[in-house]
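Encoded as structure tokens, the structure appears first; notes follow it.
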Amino acid sequence: MNLELSEEQEAVRRLARAFTDREIAPYAAEWDRAESVDRSIVKKLGDLGFLGLTVPEEYGGSGGDHLSYVLVTEELGRGDSAVRGIVSVSLGLVAKTVAAWGTEEQKRTWLPRLCSGEALGCFGLTEPGTGSDAAALTTRAVREGDAYVISGSKMFITNGTWADVVLLFARTDAAIPGHRGISAFLVPADSPGLTRREVHGKLGLRGQATAELTLDAVRVPASAMLGPEGKGFSVAMSALAKGRMSVAAGCVGIAQAALDAAVSYAARREQFGKPIAHHQLVQELIADISVDVDAARLLTWRVADLIDRGRPFATESSTAKLFASEAAVRAASNALQVHGGYGYVDEYPAGKLLRDARVMTLYEGTSQIQKLLIGRARTGVSAF
Ligand code: FAD
């Protein structure tokens, strides 16, 4: 792997960095308190091509490689994980999956709108009763002539109340338990029978809309199925394998923000007659954050490099997600420690970084699930 970025990659990183510093970071605390980002940010992300990275230009995407996508995701995560999550889901889990599995008609219908920011996507896998054991989902899609009628509910769906299309997973064959009876559908969010309720009171990612979706006999044409019937779980897992790289990149951004904040505060805050940066134990905290940033970044870039070279990457993606999410929590906590009591109030960024980081060890597969995936890959034994 070549660790030197190309000119194009440097340029996209500069663009994302400047955009984050100008349009996101100054507002992150305010959006967190208001429990909503300013939604005009979506159009701005679309205008810069950040919602279409890696999607072919013929479908309205901005092309580019996965390392560029990771660089942009890192920067957005450095500014505000709530904004980063909007992109990771709408582009990372939905648009990329439509590009990979969609029919020509599905690609032409959804990709230009998703890539421009005119529309947002959400990813409906988790249900109130099934999280880690996603293959046990119970939402049903029953064939009626040229349509499917879908009933059930989905929980904790990022972008849920803002989305225009739901990439939804439902059981099309109740006689087949487990993953083989599941299919994927592209369900317009304004479909009659689909209701959405926002989940409030989250610890972090408060600027992001998270929703419970209820489907009561929602009718979609058979052409809304994404990928072959019964292959929905493969669609979901292929989306999540790449999605975990995106979460990892967001965590690198959080850890980098923690490092920046800790270094800056340690240089300004004086105790015992000198800036706290002069105390060895403060340097230890900063060194630990710095090592976490570098290690998480290298693991994440490796995944992008593997994808761009067409090599297998799923276990490496789980590895990066597991390490980077735990590292982001550690880094944010260490940064809070550097700030002392001031780290505990929201005038300084460390507390928000810690709250935002915490969920990264939970979604797109908890840390325990990543360990089971890595363990299965190494031993050949499934311990689920
Ligand atoms: P459970 O599966 O009930 O797990 C509870 C605990 O048991 C965890 O510690 C887990 O690691 C452990 N556990 C479970 N099984 C095992 C096992 N076999 N071995 C060892 N330990 C085990 N989902 C979506 O589909 N789309 C989204 O956009 C989305 N966004 C989200 C946004 C937020 C803010 C949150 C909080 C969640 C989101 N989720 C989303 C759901 C998320 O993916 C699930 O919460 C996650 O998969 C865990 O499922 P669960 O909450 O049901 O926990």
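Residues in the structure tokens are named by chain (A, B, ... in the order shown) and by number from 1 within that chain; ligands are numbered from 1 in the order shown.
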
(message) Counting only C-alpha atoms and all ligand atoms, what are the residues, protein, DNA or RNA alike, that approach ligand 1 to within 8 Å? I want them as a PyMOL selection string.
(response) chain A and resi 89+122-134+154-160+202+204-205+210+359+362-369+372+383-384

Write the residues you've just listed into a file as a PDB file, in the first residue's frame, and include C-alpha atoms for each of them.
ATOM      1  CA  VAL A  89     -25.877   6.318   5.674  1.00  0.00           C
ATOM      2  CA  CYS A 122     -31.958   5.554   5.191  1.00  0.00           C
ATOM      3  CA  PHE A 123     -31.116   1.937   5.940  1.00  0.00           C
ATOM      4  CA  GLY A 124     -33.824  -0.112   7.647  1.00  0.00           C
ATOM      5  CA  LEU A 125     -32.404  -3.318   9.047  1.00  0.00           C
ATOM      6  CA  THR A 126     -32.672  -3.190  12.870  1.00  0.00           C
ATOM      7  CA  GLU A 127     -36.053  -3.915  14.464  1.00  0.00           C
ATOM      8  CA  PRO A 128     -37.282  -3.398  18.023  1.00  0.00           C
ATOM      9  CA  GLY A 129     -36.684  -7.092  18.746  1.00  0.00           C
ATOM     10  CA  THR A 130     -33.707  -7.835  16.486  1.00  0.00           C
ATOM     11  CA  GLY A 131     -30.418  -5.926  16.503  1.00  0.00           C
ATOM     12  CA  SER A 132     -27.238  -8.007  16.530  1.00  0.00           C
ATOM     13  CA  ASP A 133     -29.195 -11.032  15.298  1.00  0.00           C
ATOM     14  CA  ALA A 134     -30.401  -9.148  12.236  1.00  0.00           C
ATOM     15  CA  LYS A 154     -37.755  -0.785  12.228  1.00  0.00           C
ATOM     16  CA  MET A 155     -35.863   0.814  15.097  1.00  0.00           C
ATOM     17  CA  PHE A 156     -33.026   3.344  15.455  1.00  0.00           C
ATOM     18  CA  ILE A 157     -33.036   4.287  11.758  1.00  0.00           C
ATOM     19  CA  THR A 158     -30.532   7.081  11.038  1.00  0.00           C
ATOM     20  CA  ASN A 159     -31.974   9.784   8.724  1.00  0.00           C
ATOM     21  CA  GLY A 160     -35.313   8.032   9.371  1.00  0.00           C
ATOM     22  CA  LYS A 202     -29.939  10.181  22.556  1.00  0.00           C
ATOM     23  CA  GLY A 204     -24.801  11.523  21.309  1.00  0.00           C
ATOM     24  CA  LEU A 205     -25.342  12.158  17.594  1.00  0.00           C
ATOM     25  CA  THR A 210     -32.979   8.727  14.383  1.00  0.00           C
ATOM     26  CA  VAL A 359     -22.404   4.875  19.746  1.00  0.00           C
ATOM     27  CA  LEU A 362     -22.729  -0.126  19.114  1.00  0.00           C
ATOM     28  CA  TYR A 363     -24.054   0.373  15.602  1.00  0.00           C
ATOM     29  CA  GLU A 364     -23.234  -1.399  12.331  1.00  0.00           C
ATOM     30  CA  GLY A 365     -22.394  -4.336  14.600  1.00  0.00           C
ATOM     31  CA  THR A 366     -21.367  -3.905  18.245  1.00  0.00           C
ATOM     32  CA  SER A 367     -17.732  -4.434  19.274  1.00  0.00           C
ATOM     33  CA  GLN A 368     -18.723  -7.945  20.395  1.00  0.00           C
ATOM     34  CA  ILE A 369     -20.176  -8.706  16.953  1.00  0.00           C
ATOM     35  CA  LEU A 372     -17.160 -12.671  16.488  1.00  0.00           C
ATOM     36  CA  ALA A 383     -19.336 -18.588  17.582  1.00  0.00           C
ATOM     37  CA  PHE A 384     -22.504 -16.505  17.051  1.00  0.00           C
TER      38      PHE A 384
END

Can you list every residue of range 94-193 of chain A that has an atom at most 10 Å from range 225-243 of chain A, with its nearest atom pair and the distance in Å to one decimal, using only C-alpha atoms, ordered by chain then number, as CSV?
residue,atom,partner,partner_atom,distance
A:Val94,CA,A:Ala239,CA,7.7
A:Ala95,CA,A:Ala239,CA,9.8
A:Lys96,CA,A:Ala239,CA,7.7
A:Thr97,CA,A:Ala239,CA,5.9
A:Val98,CA,A:Leu226,CA,7.4
A:Ala100,CA,A:Val235,CA,9.1
A:Trp101,CA,A:Gly227,CA,5.4
A:Gly102,CA,A:Leu226,CA,5.8
A:Thr103,CA,A:Leu226,CA,7.6
A:Gln106,CA,A:Leu226,CA,8.2
A:Phe123,CA,A:Ala236,CA,8.9
A:Gly124,CA,A:Ala236,CA,9.5
A:Leu125,CA,A:Ala236,CA,7.7
A:Ala134,CA,A:Phe233,CA,8.7
A:Ala135,CA,A:Phe233,CA,7.1
A:Ala147,CA,A:Met225,CA,9.8
A:Tyr148,CA,A:Met225,CA,8.9
A:Leu167,CA,A:Leu226,CA,8.4
A:Leu168,CA,A:Gly232,CA,9.0
A:Phe169,CA,A:Gly232,CA,6.5
A:Ala170,CA,A:Gly232,CA,7.9
A:Arg171,CA,A:Gly230,CA,8.2
A:Thr172,CA,A:Gly230,CA,7.1
A:Asp173,CA,A:Gly230,CA,7.7
A:Ile176,CA,A:Gly230,CA,9.4
A:Gly178,CA,A:Phe233,CA,9.1
A:His179,CA,A:Phe233,CA,5.6
A:Arg180,CA,A:Gly230,CA,5.3
A:Gly181,CA,A:Gly230,CA,5.0
A:Ile182,CA,A:Gly230,CA,4.9
A:Ser183,CA,A:Gly232,CA,3.7
A:Ala184,CA,A:Gly232,CA,4.5
A:Phe185,CA,A:Met225,CA,4.3
A:Leu186,CA,A:Met225,CA,6.4
A:Val187,CA,A:Met225,CA,8.8

(request) Run DSSP on the backbone and grab whatever in range 24-141 of chain A lands in alpha helix (DSSP H); send it over as a ChimeraX atom specification. (result) /A:28-34,40-47,66-79,81-87,96-101,104-116

(message) Could you list, as a ChimeraX atom specification, every residue within 9 Å of range 72-87 of chain A, counting only C-alpha atoms and ignoring same-chain residues fewer than 6 positions away?
(response) /A:12-13,15-17,19-21,23-29,31-32,36-37,41-42,45,50-51,93,120-122,158-159,204-209,246-258,297,353,356-357

(request) Identify which of the residues A:Ala314, A:Ala295, A:Val199, A:Ala224 lies closest to Glu326 in chain A, counting only C-alpha atoms when measuring atom-to-atom distances. (result) A:Ala295

(request) Could you jot down the CA of Leu298 in chain A to CA of Leu3 in chain A separation for me, Å, one decimal place? (result) 8.7 Å

(request) Skip range 268-284 of chain A itself and residues of its chain fewer than 3 positions away, then list as a PyMOL selection string all residues within 9 Å of it, counting only C-alpha atoms. (result) chain A and resi 263-265+287-289+337-339

Those same residues - C-alpha atoms - I'd like them written as a compact mmCIF listing (two decimals), in the first residue's frame.
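Full text of part27.txt as output:
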# COMPACT_ATOMS: atom_id res chain seq x y z
CA VAL A 263 -3.02 19.92 22.31
CA SER A 264 -4.52 23.37 22.00
CA TYR A 265 -5.88 23.39 25.58
CA ALA A 287 0.67 10.68 23.26
CA ASP A 288 -1.97 7.99 23.87
CA ILE A 289 -4.49 9.96 21.78
CA GLN A 337 -9.14 14.49 31.08
CA VAL A 338 -6.68 17.02 29.63
CA HIS A 339 -9.39 19.68 29.97

(request) Grab the CA of Thr300 in chain A to CA of Ala163 in chain A distance for me, in Å with one decimal place. (result)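 Distance between the two atoms: 27.6 Å.
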
(message) Just to confirm, what's the straight-line distance from CA of Ser40 in chain A to CA of Gly117 in chain A in Å (one decimal)?
(response) 9.6 Å

(message) I need the residue nearest Trp162 in chain A from this list: A:Asp146, A:Asp292, A:Asp190, A:Asp47. Use only C-alpha atoms for the distance.
(response) A:Asp190
